[in-house]
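Pasting model_1.cif here (mmCIF, C-alpha atoms and all ligand atoms):
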```cif
data_coords
#
loop_
_atom_site.label_atom_id
_atom_site.label_comp_id
_atom_site.auth_asym_id
_atom_site.auth_seq_id
_atom_site.Cartn_x
_atom_site.Cartn_y
_atom_site.Cartn_z
CA MET A 258 10.99 -28.15 -18.97
CA ASP A 259 8.41 -25.70 -20.32
CA PHE A 260 8.51 -22.16 -18.88
CA SER A 261 5.72 -20.79 -21.09
CA LEU A 262 2.19 -20.17 -19.84
CA SER A 263 -0.67 -22.24 -21.24
CA GLU A 264 -3.09 -20.46 -23.58
CA GLU A 265 -5.69 -20.45 -20.79
CA GLN A 266 -3.25 -18.96 -18.27
CA GLU A 267 -2.25 -16.25 -20.73
CA LEU A 268 -5.90 -15.34 -21.35
CA LEU A 269 -6.70 -15.27 -17.64
CA VAL A 270 -3.66 -13.19 -16.70
CA ASP A 271 -4.23 -10.79 -19.57
CA SER A 272 -7.92 -10.25 -18.87
CA PHE A 273 -7.31 -9.86 -15.10
CA ALA A 274 -4.52 -7.35 -15.74
CA ARG A 275 -6.84 -5.32 -18.00
CA PHE A 276 -9.66 -5.55 -15.44
CA LEU A 277 -7.32 -4.34 -12.69
CA GLN A 278 -6.25 -1.31 -14.71
CA ALA A 279 -9.83 -0.43 -15.68
CA GLU A 280 -11.71 -1.18 -12.44
CA ILE A 281 -9.38 -1.39 -9.47
CA ARG A 282 -6.61 1.11 -10.30
CA PRO A 283 -9.03 4.10 -10.32
CA VAL A 284 -10.33 3.21 -6.83
CA ILE A 285 -6.77 2.93 -5.55
CA ASP A 286 -5.74 6.24 -7.13
CA ALA A 287 -8.81 7.96 -5.68
CA HIS A 288 -7.75 6.92 -2.16
CA GLU A 289 -4.08 7.85 -2.38
CA GLY A 290 -2.48 7.67 1.06
CA GLN A 291 -5.66 6.65 2.89
CA LYS A 292 -6.65 3.43 4.61
CA PHE A 293 -9.47 1.69 2.72
CA SER A 294 -12.71 1.46 4.66
CA GLY A 295 -14.30 -1.96 5.17
CA GLU A 296 -16.94 -1.03 2.57
CA ILE A 297 -14.34 -0.27 -0.09
CA MET A 298 -12.39 -3.47 0.63
CA ARG A 299 -15.62 -5.50 0.41
CA ASP A 300 -16.49 -3.83 -2.87
CA LEU A 301 -13.02 -4.51 -4.30
CA TYR A 302 -13.18 -8.13 -3.11
CA ARG A 303 -16.61 -8.69 -4.70
CA ARG A 304 -15.47 -7.23 -7.99
CA MET A 305 -12.42 -9.52 -8.11
CA LEU A 306 -14.31 -12.75 -7.35
CA PRO A 307 -14.92 -13.60 -11.04
CA TYR A 308 -11.11 -13.75 -11.39
CA GLY A 309 -10.65 -16.20 -8.54
CA MET A 310 -9.28 -13.82 -5.90
CA GLY A 311 -10.37 -15.39 -2.60
CA ASN A 312 -12.33 -18.24 -4.18
CA GLY A 313 -9.82 -19.55 -6.74
CA LEU A 314 -8.19 -22.30 -4.70
CA VAL A 315 -11.39 -23.80 -3.27
CA GLY A 316 -12.66 -26.89 -5.12
CA GLU A 317 -15.53 -26.56 -7.60
CA GLU A 318 -17.64 -28.99 -5.57
CA LEU A 319 -17.67 -26.41 -2.75
CA GLY A 320 -18.36 -23.42 -5.00
CA GLY A 321 -14.80 -22.31 -5.78
CA TYR A 322 -12.92 -22.37 -9.09
CA GLY A 323 -10.58 -25.27 -8.29
CA MET A 324 -7.61 -23.42 -9.78
CA ASP A 325 -4.12 -24.85 -9.68
CA GLU A 326 -1.67 -22.99 -7.42
CA VAL A 327 0.51 -21.69 -10.26
CA THR A 328 -2.42 -20.09 -12.10
CA PHE A 329 -3.69 -18.57 -8.85
CA GLY A 330 -0.17 -17.27 -8.17
CA LEU A 331 0.09 -15.67 -11.62
CA LEU A 332 -3.21 -13.86 -11.10
CA PHE A 333 -2.32 -12.87 -7.55
CA GLU A 334 0.96 -11.43 -8.81
CA GLN A 335 -0.99 -9.12 -11.15
CA LEU A 336 -3.05 -7.86 -8.23
CA ALA A 337 0.08 -7.32 -6.10
CA ARG A 338 1.55 -5.21 -8.90
CA VAL A 339 -1.46 -2.89 -8.74
CA SER A 340 -1.96 -2.89 -4.98
CA PRO A 341 -0.06 -4.98 -2.38
CA ASP A 342 -2.60 -3.81 0.23
CA VAL A 343 -5.55 -5.22 -1.69
CA ALA A 344 -3.49 -8.34 -2.42
CA ILE A 345 -3.07 -8.97 1.33
CA MET A 346 -6.83 -8.73 1.78
CA ALA A 347 -7.38 -11.23 -1.07
CA LEU A 348 -4.71 -13.58 0.28
CA ILE A 349 -6.35 -13.70 3.71
CA GLN A 350 -9.76 -14.28 2.12
CA ALA A 351 -8.24 -17.17 0.15
CA GLU A 352 -6.65 -18.62 3.31
CA ALA A 353 -9.89 -18.26 5.28
CA ALA A 354 -11.77 -20.00 2.45
CA MET A 355 -9.31 -22.92 2.53
CA LEU A 356 -9.76 -23.30 6.29
CA LEU A 357 -13.56 -23.13 5.98
CA ALA A 358 -13.39 -25.79 3.27
CA ASP A 359 -11.81 -28.08 5.91
CA ALA A 360 -14.41 -27.13 8.55
CA PRO A 361 -17.44 -29.34 9.31
CA GLU A 362 -20.04 -29.31 6.50
CA ALA A 363 -22.47 -27.19 8.52
CA PHE A 364 -20.18 -24.21 7.92
CA HIS A 365 -19.94 -24.76 4.15
CA GLY A 366 -23.53 -23.64 3.58
CA SER A 367 -23.16 -20.67 5.90
CA HIS A 368 -19.68 -19.13 6.17
CA LEU A 369 -17.88 -20.62 3.17
CA GLN A 370 -20.73 -19.93 0.76
CA ALA A 371 -21.07 -16.35 2.00
CA LEU A 372 -17.30 -15.78 1.74
CA LEU A 373 -17.22 -17.15 -1.81
CA GLU A 374 -20.13 -14.90 -2.78
CA GLY A 375 -18.48 -11.80 -1.34
CA ASP A 376 -20.81 -11.40 1.65
CA LEU A 377 -18.31 -12.15 4.42
CA MET A 378 -14.77 -11.11 5.22
CA GLY A 379 -12.60 -13.25 7.44
CA CYS A 380 -9.31 -13.06 9.28
CA ILE A 381 -6.96 -15.61 10.79
CA GLY A 382 -5.72 -15.32 14.36
CA ILE A 383 -2.48 -17.10 15.16
CA SER A 384 0.05 -14.48 16.38
CA GLU A 385 -0.12 -12.81 19.77
CA PRO A 386 1.81 -9.99 21.47
CA ASP A 387 4.15 -12.57 23.04
CA VAL A 388 3.89 -15.31 20.41
CA GLY A 389 5.15 -14.98 16.84
CA SER A 390 7.65 -17.41 15.36
CA ASN A 391 6.84 -20.15 17.85
CA ILE A 392 3.16 -20.86 17.31
CA ALA A 393 3.23 -23.76 19.79
CA GLU A 394 3.46 -21.22 22.66
CA ILE A 395 0.04 -19.65 21.95
CA LYS A 396 -1.57 -18.37 25.14
CA THR A 397 -5.16 -17.57 24.08
CA ARG A 398 -7.33 -20.00 26.02
CA ALA A 399 -10.61 -21.81 25.43
CA VAL A 400 -12.22 -23.08 28.64
CA ARG A 401 -15.29 -25.35 28.74
CA ASP A 402 -18.46 -23.87 30.24
CA GLY A 403 -21.31 -26.37 29.84
CA ASP A 404 -21.81 -26.87 26.08
CA ASP A 405 -19.94 -23.65 25.28
CA TRP A 406 -16.37 -22.42 25.20
CA LEU A 407 -15.19 -19.25 26.91
CA ILE A 408 -12.35 -17.67 24.94
CA SER A 409 -9.87 -15.21 26.47
CA GLY A 410 -6.71 -13.70 25.06
CA GLU A 411 -5.28 -11.25 22.54
CA LYS A 412 -4.21 -11.74 18.94
CA CYS A 413 -1.79 -9.37 17.22
CA TRP A 414 -0.91 -8.36 13.62
CA ILE A 415 -4.17 -9.78 12.28
CA SER A 416 -4.62 -8.88 8.61
CA ASN A 417 -8.23 -7.92 7.69
CA GLY A 418 -8.92 -7.82 11.46
CA ASP A 419 -10.59 -4.42 11.49
CA TYR A 420 -13.16 -5.27 8.84
CA SER A 421 -13.56 -8.97 9.54
CA ASP A 422 -16.98 -10.57 10.09
CA PHE A 423 -15.37 -13.67 11.56
CA ILE A 424 -12.03 -14.96 12.78
CA VAL A 425 -10.56 -18.43 12.42
CA LEU A 426 -8.79 -18.56 15.76
CA VAL A 427 -6.02 -20.76 17.09
CA ALA A 428 -6.36 -21.24 20.86
CA GLN A 429 -5.23 -23.60 23.58
CA ALA A 430 -8.26 -25.74 24.44
CA GLU A 431 -8.72 -28.16 27.29
CA HIS A 432 -9.20 -31.84 26.60
CA GLU A 433 -9.09 -35.05 28.67
CA SER A 434 -5.33 -35.28 28.92
CA GLY A 435 -4.41 -31.58 29.16
CA GLN A 436 -4.63 -28.94 26.45
CA GLY A 437 -3.78 -28.54 22.77
CA LEU A 438 -4.09 -26.06 19.93
CA ALA A 439 -7.59 -26.11 18.44
CA LEU A 440 -9.28 -24.07 15.72
CA PHE A 441 -12.41 -22.02 16.40
CA LEU A 442 -14.71 -20.18 14.02
CA ILE A 443 -15.94 -17.07 15.83
CA ASP A 444 -18.28 -14.39 14.47
CA ARG A 445 -17.62 -10.77 15.38
CA ASP A 446 -21.11 -10.47 16.91
CA MET A 447 -20.17 -13.17 19.42
CA GLY A 448 -18.05 -10.50 21.08
CA TYR A 449 -14.48 -10.05 19.84
CA THR A 450 -13.21 -6.50 19.38
CA THR A 451 -10.43 -5.04 17.22
CA THR A 452 -8.04 -2.08 17.14
CA ASP A 453 -6.00 -1.24 14.08
CA ILE A 454 -2.18 -1.03 14.23
CA GLY A 455 -0.29 1.75 12.38
CA LYS A 456 2.65 0.45 10.30
CA MET A 457 5.60 1.87 8.34
CA GLY A 458 4.00 0.72 5.08
CA LEU A 459 1.05 -1.19 3.62
CA ASN A 460 -1.26 1.08 5.60
CA ARG A 461 -4.20 0.98 3.23
CA GLN A 462 -5.24 -2.38 4.61
CA SER A 463 -6.00 -3.43 8.15
CA THR A 464 -3.53 -5.09 10.50
CA ALA A 465 -5.21 -5.30 13.89
CA GLN A 466 -5.11 -6.43 17.47
CA VAL A 467 -8.07 -8.69 18.27
CA PHE A 468 -9.32 -9.01 21.85
CA PHE A 469 -11.26 -11.84 23.50
CA ASP A 470 -12.62 -11.22 26.97
CA GLU A 471 -14.41 -14.43 27.96
CA VAL A 472 -16.15 -14.55 24.57
CA ARG A 473 -18.85 -17.25 24.73
CA VAL A 474 -18.77 -19.58 21.73
CA PRO A 475 -21.05 -22.59 21.13
CA GLY A 476 -19.31 -25.98 21.31
CA SER A 477 -19.96 -26.54 17.58
CA ARG A 478 -17.65 -23.61 16.76
CA MET A 479 -14.57 -25.70 17.51
CA ILE A 480 -13.84 -26.63 13.89
CA MET A 481 -10.64 -28.60 14.55
CA PRO A 482 -10.00 -30.47 17.80
CA PRO A 483 -7.14 -29.85 20.27
CA GLY A 484 -3.86 -31.11 18.89
CA SER A 485 -4.74 -30.65 15.20
CA ALA A 486 -4.47 -26.90 14.62
CA LEU A 487 -0.68 -26.54 14.63
CA LYS A 488 -0.19 -28.95 11.71
CA ARG A 489 -3.04 -27.37 9.75
CA MET A 490 -1.63 -23.87 10.25
CA LEU A 491 1.85 -24.94 9.18
CA THR A 492 0.39 -26.44 5.97
CA LEU A 493 -1.58 -23.25 5.38
CA LEU A 494 1.58 -21.14 5.77
CA GLN A 495 3.44 -23.48 3.42
CA GLY A 496 0.89 -22.68 0.69
CA SER A 497 0.77 -18.96 1.35
CA ARG A 498 4.51 -18.23 1.65
CA PRO A 499 5.11 -18.38 -2.12
CA LEU A 500 2.21 -15.94 -2.55
CA VAL A 501 3.76 -13.52 -0.06
CA GLY A 502 6.97 -14.01 -2.07
CA LEU A 503 5.14 -13.12 -5.28
CA MET A 504 3.92 -9.93 -3.61
CA ALA A 505 7.56 -9.13 -2.87
CA THR A 506 8.73 -9.78 -6.45
CA ALA A 507 5.74 -7.83 -7.83
CA MET A 508 6.77 -4.85 -5.69
CA ALA A 509 10.44 -5.28 -6.56
CA GLY A 510 9.52 -5.55 -10.24
CA LYS A 511 7.65 -2.24 -10.02
CA ALA A 512 10.64 -0.64 -8.31
CA LEU A 513 12.86 -1.90 -11.13
CA GLU A 514 10.53 -0.51 -13.82
CA HIS A 515 10.38 2.89 -12.12
CA SER A 516 14.17 2.86 -11.81
CA ILE A 517 14.72 2.05 -15.50
CA ASP A 518 12.38 4.88 -16.55
CA TYR A 519 14.05 7.31 -14.17
CA ALA A 520 17.60 6.31 -15.11
CA ARG A 521 16.81 6.87 -18.80
CA ASP A 522 15.18 10.29 -18.20
CA ARG A 523 17.33 11.87 -15.50
CA LYS A 524 20.44 13.60 -16.84
CA GLN A 525 23.60 14.49 -14.91
CA PHE A 526 27.06 15.30 -16.30
CA GLY A 527 25.39 15.77 -19.69
CA LYS A 528 24.02 12.23 -20.10
CA PRO A 529 21.27 9.99 -18.66
CA ILE A 530 22.32 8.64 -15.26
CA GLY A 531 21.52 5.18 -16.69
CA ALA A 532 24.51 5.54 -19.03
CA ASN A 533 26.82 5.22 -16.00
CA GLN A 534 28.21 1.79 -15.28
CA LEU A 535 27.44 2.00 -11.55
CA ILE A 536 23.75 2.65 -12.27
CA GLN A 537 23.69 -0.19 -14.80
CA ALA A 538 25.25 -2.50 -12.20
CA ARG A 539 22.39 -1.67 -9.82
CA ILE A 540 19.79 -2.25 -12.55
CA ALA A 541 21.42 -5.56 -13.51
CA GLU A 542 21.45 -6.76 -9.88
CA MET A 543 17.85 -5.70 -9.36
CA SER A 544 16.66 -7.55 -12.47
CA VAL A 545 18.51 -10.75 -11.56
CA LYS A 546 17.07 -10.71 -8.04
CA VAL A 547 13.50 -10.18 -9.29
CA GLU A 548 13.69 -12.82 -11.99
CA SER A 549 15.48 -15.52 -9.97
CA ALA A 550 13.12 -15.15 -7.01
CA ARG A 551 10.08 -15.25 -9.28
CA LEU A 552 11.22 -18.47 -10.93
CA MET A 553 11.85 -20.12 -7.56
CA LEU A 554 8.41 -19.04 -6.33
CA LEU A 555 6.67 -20.44 -9.38
CA LYS A 556 8.62 -23.68 -8.98
CA ALA A 557 7.48 -23.89 -5.33
CA LEU A 558 3.85 -23.34 -6.38
CA HIS A 559 4.23 -26.00 -9.06
CA LEU A 560 5.51 -28.49 -6.47
CA ILE A 561 2.65 -27.61 -4.10
CA HIS A 562 0.19 -28.18 -6.95
CA ARG A 563 1.72 -31.60 -7.60
CA GLY A 564 1.32 -32.45 -3.92
CA GLN A 565 5.07 -32.85 -3.46
CA ARG A 566 6.77 -32.12 -0.15
CA CYS A 567 8.64 -28.86 -0.78
CA ASP A 568 9.46 -27.20 2.57
CA LEU A 569 12.98 -26.48 1.30
CA GLU A 570 11.89 -24.89 -1.98
CA VAL A 571 9.18 -22.80 -0.28
CA ALA A 572 11.57 -21.50 2.40
CA GLN A 573 14.32 -20.76 -0.14
CA ALA A 574 11.92 -18.94 -2.46
CA LYS A 575 10.22 -16.91 0.29
CA TRP A 576 13.57 -15.92 1.77
CA LEU A 577 15.08 -14.89 -1.57
CA ALA A 578 11.98 -13.00 -2.74
CA THR A 579 11.46 -10.97 0.41
CA GLU A 580 15.10 -10.22 1.14
CA SER A 581 15.60 -9.28 -2.53
CA ALA A 582 12.62 -6.93 -2.42
CA VAL A 583 14.33 -5.05 0.42
CA ASP A 584 17.57 -4.82 -1.62
CA VAL A 585 15.84 -3.92 -4.88
CA THR A 586 13.70 -1.16 -3.38
CA ARG A 587 16.82 0.25 -1.64
CA HIS A 588 18.60 0.39 -5.01
CA ALA A 589 15.50 2.03 -6.52
CA LEU A 590 15.59 4.72 -3.87
CA ALA A 591 19.29 5.34 -4.54
CA ILE A 592 18.73 5.62 -8.31
CA HIS A 593 16.02 8.21 -7.71
CA GLY A 594 18.33 10.39 -5.60
CA GLY A 595 16.55 13.09 -3.60
CA ASN A 596 13.37 12.59 -5.61
CA GLY A 597 13.19 9.02 -4.32
CA ILE A 598 12.40 10.08 -0.79
CA THR A 599 9.61 12.47 -1.79
CA LEU A 600 6.02 11.32 -1.63
CA GLU A 601 5.58 12.23 -5.30
CA TYR A 602 7.59 9.20 -6.42
CA PRO A 603 6.24 5.71 -5.71
CA VAL A 604 9.58 4.09 -4.83
CA GLN A 605 9.49 5.30 -1.21
CA ASP A 606 6.15 3.52 -0.78
CA LEU A 607 7.65 0.26 -2.07
CA TYR A 608 10.77 0.76 0.08
CA ARG A 609 8.66 1.08 3.25
CA ALA A 610 6.47 -1.89 2.33
CA ALA A 611 9.19 -4.38 1.36
CA PRO A 612 10.62 -5.15 4.86
CA ILE A 613 7.13 -5.99 6.11
CA LEU A 614 7.02 -9.01 3.82
CA THR A 615 10.22 -10.39 5.39
CA VAL A 616 8.22 -10.74 8.62
CA THR A 617 4.75 -11.85 7.64
CA GLU A 618 3.86 -15.57 7.30
CA GLY A 619 7.22 -16.58 8.81
CA THR A 620 10.27 -14.32 9.16
CA ALA A 621 13.35 -14.41 6.92
CA GLU A 622 15.30 -15.98 9.79
CA MET A 623 12.73 -18.73 10.21
CA GLN A 624 13.05 -19.50 6.48
CA GLN A 625 16.85 -19.72 6.92
CA LEU A 626 16.38 -22.06 9.87
CA ILE A 627 14.06 -24.30 7.86
CA ILE A 628 16.59 -24.39 5.00
CA GLY A 629 19.45 -25.11 7.41
CA ARG A 630 17.54 -27.86 9.21
CA ILE A 631 16.70 -29.63 5.95
CA LEU A 632 20.15 -29.35 4.37
CA LEU A 633 22.16 -30.16 7.51
CA ASP A 634 19.62 -32.49 9.09
CA LEU A 635 20.39 -30.62 12.33
CA PRO A 636 17.61 -28.55 13.91
CA ALA A 637 18.77 -25.15 15.18
CA PHE A 638 15.36 -24.18 16.61
C1 LIG B 1 1.79 -7.02 7.99
C2 LIG B 1 1.67 -8.25 8.84
C3 LIG B 1 0.53 -9.04 8.71
C4 LIG B 1 0.37 -10.16 9.52
N1 LIG B 1 -0.79 -10.89 9.42
C5 LIG B 1 -1.01 -11.89 10.31
C6 LIG B 1 -2.28 -12.56 10.34
O1 LIG B 1 -3.19 -12.27 9.54
N2 LIG B 1 -2.47 -13.50 11.28
C7 LIG B 1 -1.52 -13.85 12.18
O2 LIG B 1 -1.78 -14.70 13.01
N3 LIG B 1 -0.31 -13.23 12.18
C8 LIG B 1 -0.03 -12.26 11.27
N4 LIG B 1 1.19 -11.61 11.28
C9 LIG B 1 2.19 -11.97 12.27
C10 LIG B 1 3.41 -12.64 11.72
O3 LIG B 1 3.14 -13.94 11.31
C11 LIG B 1 4.49 -12.56 12.80
O4 LIG B 1 4.85 -11.18 12.94
C12 LIG B 1 5.71 -13.38 12.50
O5 LIG B 1 5.40 -14.75 12.59
C13 LIG B 1 6.88 -13.07 13.43
O6 LIG B 1 6.48 -13.05 14.76
P1 LIG B 1 6.91 -11.83 15.71
O7 LIG B 1 6.57 -10.59 15.01
O8 LIG B 1 6.30 -12.08 17.04
O9 LIG B 1 8.47 -11.93 15.81
P2 LIG B 1 9.34 -12.84 16.80
O10 LIG B 1 8.94 -14.27 16.66
O11 LIG B 1 9.32 -12.24 18.15
O12 LIG B 1 10.77 -12.64 16.19
C14 LIG B 1 11.53 -11.46 16.39
C15 LIG B 1 12.86 -11.64 15.66
O13 LIG B 1 13.56 -12.75 16.21
C16 LIG B 1 13.83 -13.71 15.19
N5 LIG B 1 13.76 -15.05 15.78
C17 LIG B 1 12.75 -15.61 16.48
N6 LIG B 1 13.07 -16.85 16.82
C18 LIG B 1 14.32 -17.09 16.35
C19 LIG B 1 15.21 -18.19 16.36
N7 LIG B 1 14.89 -19.33 16.96
N8 LIG B 1 16.42 -18.05 15.76
C20 LIG B 1 16.75 -16.91 15.11
N9 LIG B 1 15.96 -15.84 15.06
C21 LIG B 1 14.76 -15.92 15.67
C22 LIG B 1 12.78 -13.47 14.13
O14 LIG B 1 13.19 -13.96 12.87
C23 LIG B 1 12.66 -11.95 14.17
O15 LIG B 1 13.72 -11.39 13.44
C24 LIG B 1 1.39 -10.52 10.44
C25 LIG B 1 2.55 -9.74 10.54
C26 LIG B 1 2.70 -8.61 9.76
C27 LIG B 1 3.94 -7.79 9.91
#
```
Once more with this new file: its structure as structure tokens, please.
Amino acid sequence: MDFSLSEEQELLVDSFARFLQAEIRPVIDAHEGQKFSGEIMRDLYRRMLPYGMGNGLVGEELGGYGMDEVTFGLLFEQLARVSPDVAIMALIQAEAAMLLADAPEAFHGSHLQALLEGDLMGCIGISEPDVGSNIAEIKTRAVRDGDDWLISGEKCWISNGDYSDFIVLVAQAEHESGQGLALFLIDRDMGYTTTDIGKMGLNRQSTAQVFFDEVRVPGSRMIMPPGSALKRMLTLLQGSRPLVGLMATAMAGKALEHSIDYARDRKQFGKPIGANQLIQARIAEMSVKVESARLMLLKALHLIHRGQRCDLEVAQAKWLATESAVDVTRHALAIHGGNGITLEYPVQDLYRAAPILTVTEGTAEMQQLIIGRILLDLPAF
């Protein structure tokens, strides 16, 4: 087993990391504590396109870079280290691009091309106020009206929602023998509206409610027929969970680095606090959690790249990475003492952001249930 990066991966990661420090970090620092406007997010997205953020996983024949999942993950991890908020935006762009790649060809020349060139921002609408872990219960409805569809309902927690130009929407659509979950591609100017949601962390990017009040959509905008959307969404989540996990380990890794620096500098009882065994125990636990989760995530991405079924490995890795990030950032806060809770030190920001990743793209409990179901061969949900 070879754990080293290829020469190409090393070059890519190194040049992206240098680009992020030179070009993206200053924008982030200049907007300390503020939500990025749609214009800034678009600008950041466009600048990162040459490094595959958003377009990396789409095949070359469709205008993407055709990257393997591990290489994409390594680059994405670099971005998450600099800004988890911008990383969420890039992740959603990448997911939207993958869905558009599966859409009928007519939308490749329009939406996919524009997304890959940085001219469109998308979002993905699955969750609703009353529907989270159980996607099958989605209530948003698409009703036939001549050649069109009329869409009504409300989506919740939609990343990129506020500055999206289009939404890839999961809705219950009528068909001959009842109704089923279908996928629609809906432009903002067709009539959906959004309102941003305030959160405990990760507030520089948009998480929004999206409203549909009998929005009229041409028949051609159903990009996957009733009955097919649930499976497609579950596959999409399978691919994105390790990336959410890498965001968590990137954040936890930053918290660890800040903690090491602080524990070496801060003196109490005449010596650095890091020279106490209890502080070293925290640092040791933090480092093991970051490193073990990262290895499991990269393994999951490797299996996805090889086309192997890996529900177990993905769920284990996502659970460990996100739960560990909560633990690691809590330890970081403790190591920083009173300073840790002040806005001057970055660990409080990481501490408030970490629990959010245990929820998004499938909660920690849902990962446990997937693991339990596979290992016991007994479904508990
Ligand atoms: C920052 C952020 C960004 C997001 N972005 C998007 C997006 O872009 N698009 C989108 O569609 N959605 C998005 N989501 C929504 C996200 O996918 C859901 O929040 C998530 O699936 C959980 O759904 P819920 O919040 O309704 O929780 P619920 O499903 O109501 O769960 C509440 C609690 O009950 C637990 N629970 C539920 N069922 C069971 C069970 N059977 N056994 C044990 N425990 C159970 C859960 O684990 C959780 O702890 C985002 C969420 C966040 C926080």
With all atoms listed in the file as the atoms that count, which of A:Thr586, A:Ser416, A:Asp453, A:Gly484 lies nearest to Ile598 of chain A?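 Of the candidates, the smallest distance to Ile598 of chain A is held by A:Thr586.
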Using all atoms listed in the file - which residues lie no farther than 8 Å from the point (3.2, -26.8, 3.9) in the file's frame? Write them as a list in words. Leu491, Thr492, Leu493, Leu494, Gln495, Gly496, Arg566, Cys567 and Asp568 of chain A
Considering all atoms listed in the file, tabulate each residue of chain A that lies at most 6 Å from ligand LIG 1 (chain B) along with its nearest interatomic pair and the corresponding distance in Å to one decimal; arrange the rows by chain and ascending residue number and present them as a Markdown table.
```
| residue | atom | partner | partner_atom | distance |
| --- | --- | --- | --- | --- |
| A:Ile381 | CA | B:LIG1 | N2 | 5.0 |
| A:Gly382 | CA | B:LIG1 | O2 | 4.2 |
| A:Ile383 | CA | B:LIG1 | O2 | 3.3 |
| A:Ser384 | CA | B:LIG1 | O2 | 3.8 |
| A:Val388 | CA | B:LIG1 | O8 | 5.3 |
| A:Gly389 | CA | B:LIG1 | O8 | 3.1 |
| A:Ser390 | CA | B:LIG1 | O10 | 3.6 |
| A:Trp414 | CA | B:LIG1 | C24 | 4.5 |
| A:Ile415 | CA | B:LIG1 | O1 | 3.8 |
| A:Ser416 | CA | B:LIG1 | O1 | 3.8 |
| A:Thr464 | CA | B:LIG1 | C3 | 5.9 |
| A:Ile613 | CA | B:LIG1 | C27 | 5.3 |
| A:Val616 | CA | B:LIG1 | C12 | 5.3 |
| A:Thr617 | CA | B:LIG1 | C25 | 4.2 |
| A:Glu618 | CA | B:LIG1 | O3 | 4.4 |
| A:Gly619 | CA | B:LIG1 | O5 | 4.6 |
| A:Thr620 | CA | B:LIG1 | O14 | 4.7 |
| A:Ala621 | CA | B:LIG1 | O14 | 6.0 |
| A:Glu622 | CA | B:LIG1 | O14 | 4.2 |
| A:Met623 | CA | B:LIG1 | O14 | 5.5 |
| A:Phe638 | CA | B:LIG1 | N7 | 4.9 |
```
Box time for segment 563-575 of chain A: axis-aligned, enclosing all its listed atoms, 4 Å extra on each side; report centre and edge lengths in Å to one decimal, as lines of an AutoDock Vina configuration file.
```
center_x = 7.8
center_y = -24.9
center_z = -2.5
size_x = 21.0
size_y = 23.9
size_z = 18.2
```
(1.7, -11.9, 19.3) in this file's frame - what residues fall within 12 Å of it? Use only C-alpha atoms and give the answer as a list in words. Gly382, Ile383, Ser384, Glu385, Pro386, Asp387, Val388, Gly389, Ser390, Asn391, Ile392, Ala393, Glu394, Ile395, Lys396, Thr397, Gly410, Glu411, Lys412, Cys413, Trp414, Ile415, Val427, Ala465, Gln466, Val467 and Phe468 of chain A
Select, from A:Met479, A:Met346, A:Leu372, A:Ile281, the residue with the minimum atom-to-atom distance to Trp406 of chain A, counting only C-alpha atoms.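 Among A:Met479, A:Met346, A:Leu372, A:Ile281, it is A:Met479 that comes nearest to Trp406 of chain A.
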Here is a test: counting all atoms listed in the file, which residue of A:Ile454, A:Val474, A:Ile480, A:Ala363 is nearest to Ala439 of chain A? A:Ile480
Can you tell me, as a VMD selection string, what residues are no more than 12 Å from Gly594 of chain A when counting all atoms listed in the file, ignoring any on the same chain fewer than 4 positions away? chain A and resid 516 519 to 520 523 to 525 530 536 587 to 590 598 to 599 602 604 to 605
Quote the spacing between atom CA of Asp405 of chain A and atom CA of Tyr449 of chain A in Å to one decimal place.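 Spanning atom CA of Asp405 of chain A to atom CA of Tyr449 of chain A is a straight-line distance of 15.6 Å.
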Given the choices A:Thr328, A:Phe364, A:Gly455, A:Leu554, which gets closest to Ser263 of chain A if the distance is worked out from all atoms listed in the file? A:Thr328
So, counting all atoms listed in the file, which residue among A:His365, A:Leu336, A:Ile628, A:Phe329 is closest to Trp576 of chain A?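 Among the listed residues, A:Ile628 lies closest to Trp576 of chain A.
Here atom CA of Ile627 of chain A is placed at a distance of 22.0 Å from atom CA of Glu326 of chain A.
Atom CA of Leu373 of chain A lies 11.0 Å from atom CA of Met305 of chain A.
Using all atoms listed in the file, the shortest contact distance between Arg398 of chain A and any of A:Gly510, A:Pro612, A:Gly321, A:Pro483 is found at A:Pro483.
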Just the residues within 12 Å of His288 of chain A, please, counting all atoms listed in the file, with nothing from its chain fewer than 3 positions along; format it as a tab-separated table (two decimals) with C-alpha atoms, in the coordinates of the input.
```
chain	number	residue	atom	x	y	z
A	281	ILE	CA	-9.38	-1.39	-9.47
A	282	ARG	CA	-6.61	1.11	-10.30
A	283	PRO	CA	-9.03	4.10	-10.32
A	284	VAL	CA	-10.33	3.21	-6.83
A	285	ILE	CA	-6.77	2.93	-5.55
A	291	GLN	CA	-5.66	6.65	2.89
A	292	LYS	CA	-6.65	3.43	4.61
A	293	PHE	CA	-9.47	1.69	2.72
A	294	SER	CA	-12.71	1.46	4.66
A	297	ILE	CA	-14.34	-0.27	-0.09
A	298	MET	CA	-12.39	-3.47	0.63
A	340	SER	CA	-1.96	-2.89	-4.98
A	460	ASN	CA	-1.26	1.08	5.60
A	461	ARG	CA	-4.20	0.98	3.23
A	462	GLN	CA	-5.24	-2.38	4.61
```
Show which residues sit within 8 Å of Arg338 of chain A, as a VMD selection string. Count only C-alpha atoms, and ignore same-chain residues fewer than 3 positions away. chain A and resid 334 to 335 341 504 507 to 508 511
So which residues touch Gln624 of chain A within 9 Å, counting only C-alpha atoms, skipping near sequence neighbours fewer than 5 positions away, as number ranges by chain? A: 569, 571-573, 575-576, 619, 629
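Excluding Pro482 of chain A itself and any same-chain residue fewer than 6 positions from it, the protein and nucleic acid residues within 10 Å of it, counting all atoms listed in the file, are Ala430, Glu431, His432, Gly437, Leu438, Ala439, Leu440 and Phe441 of chain A.
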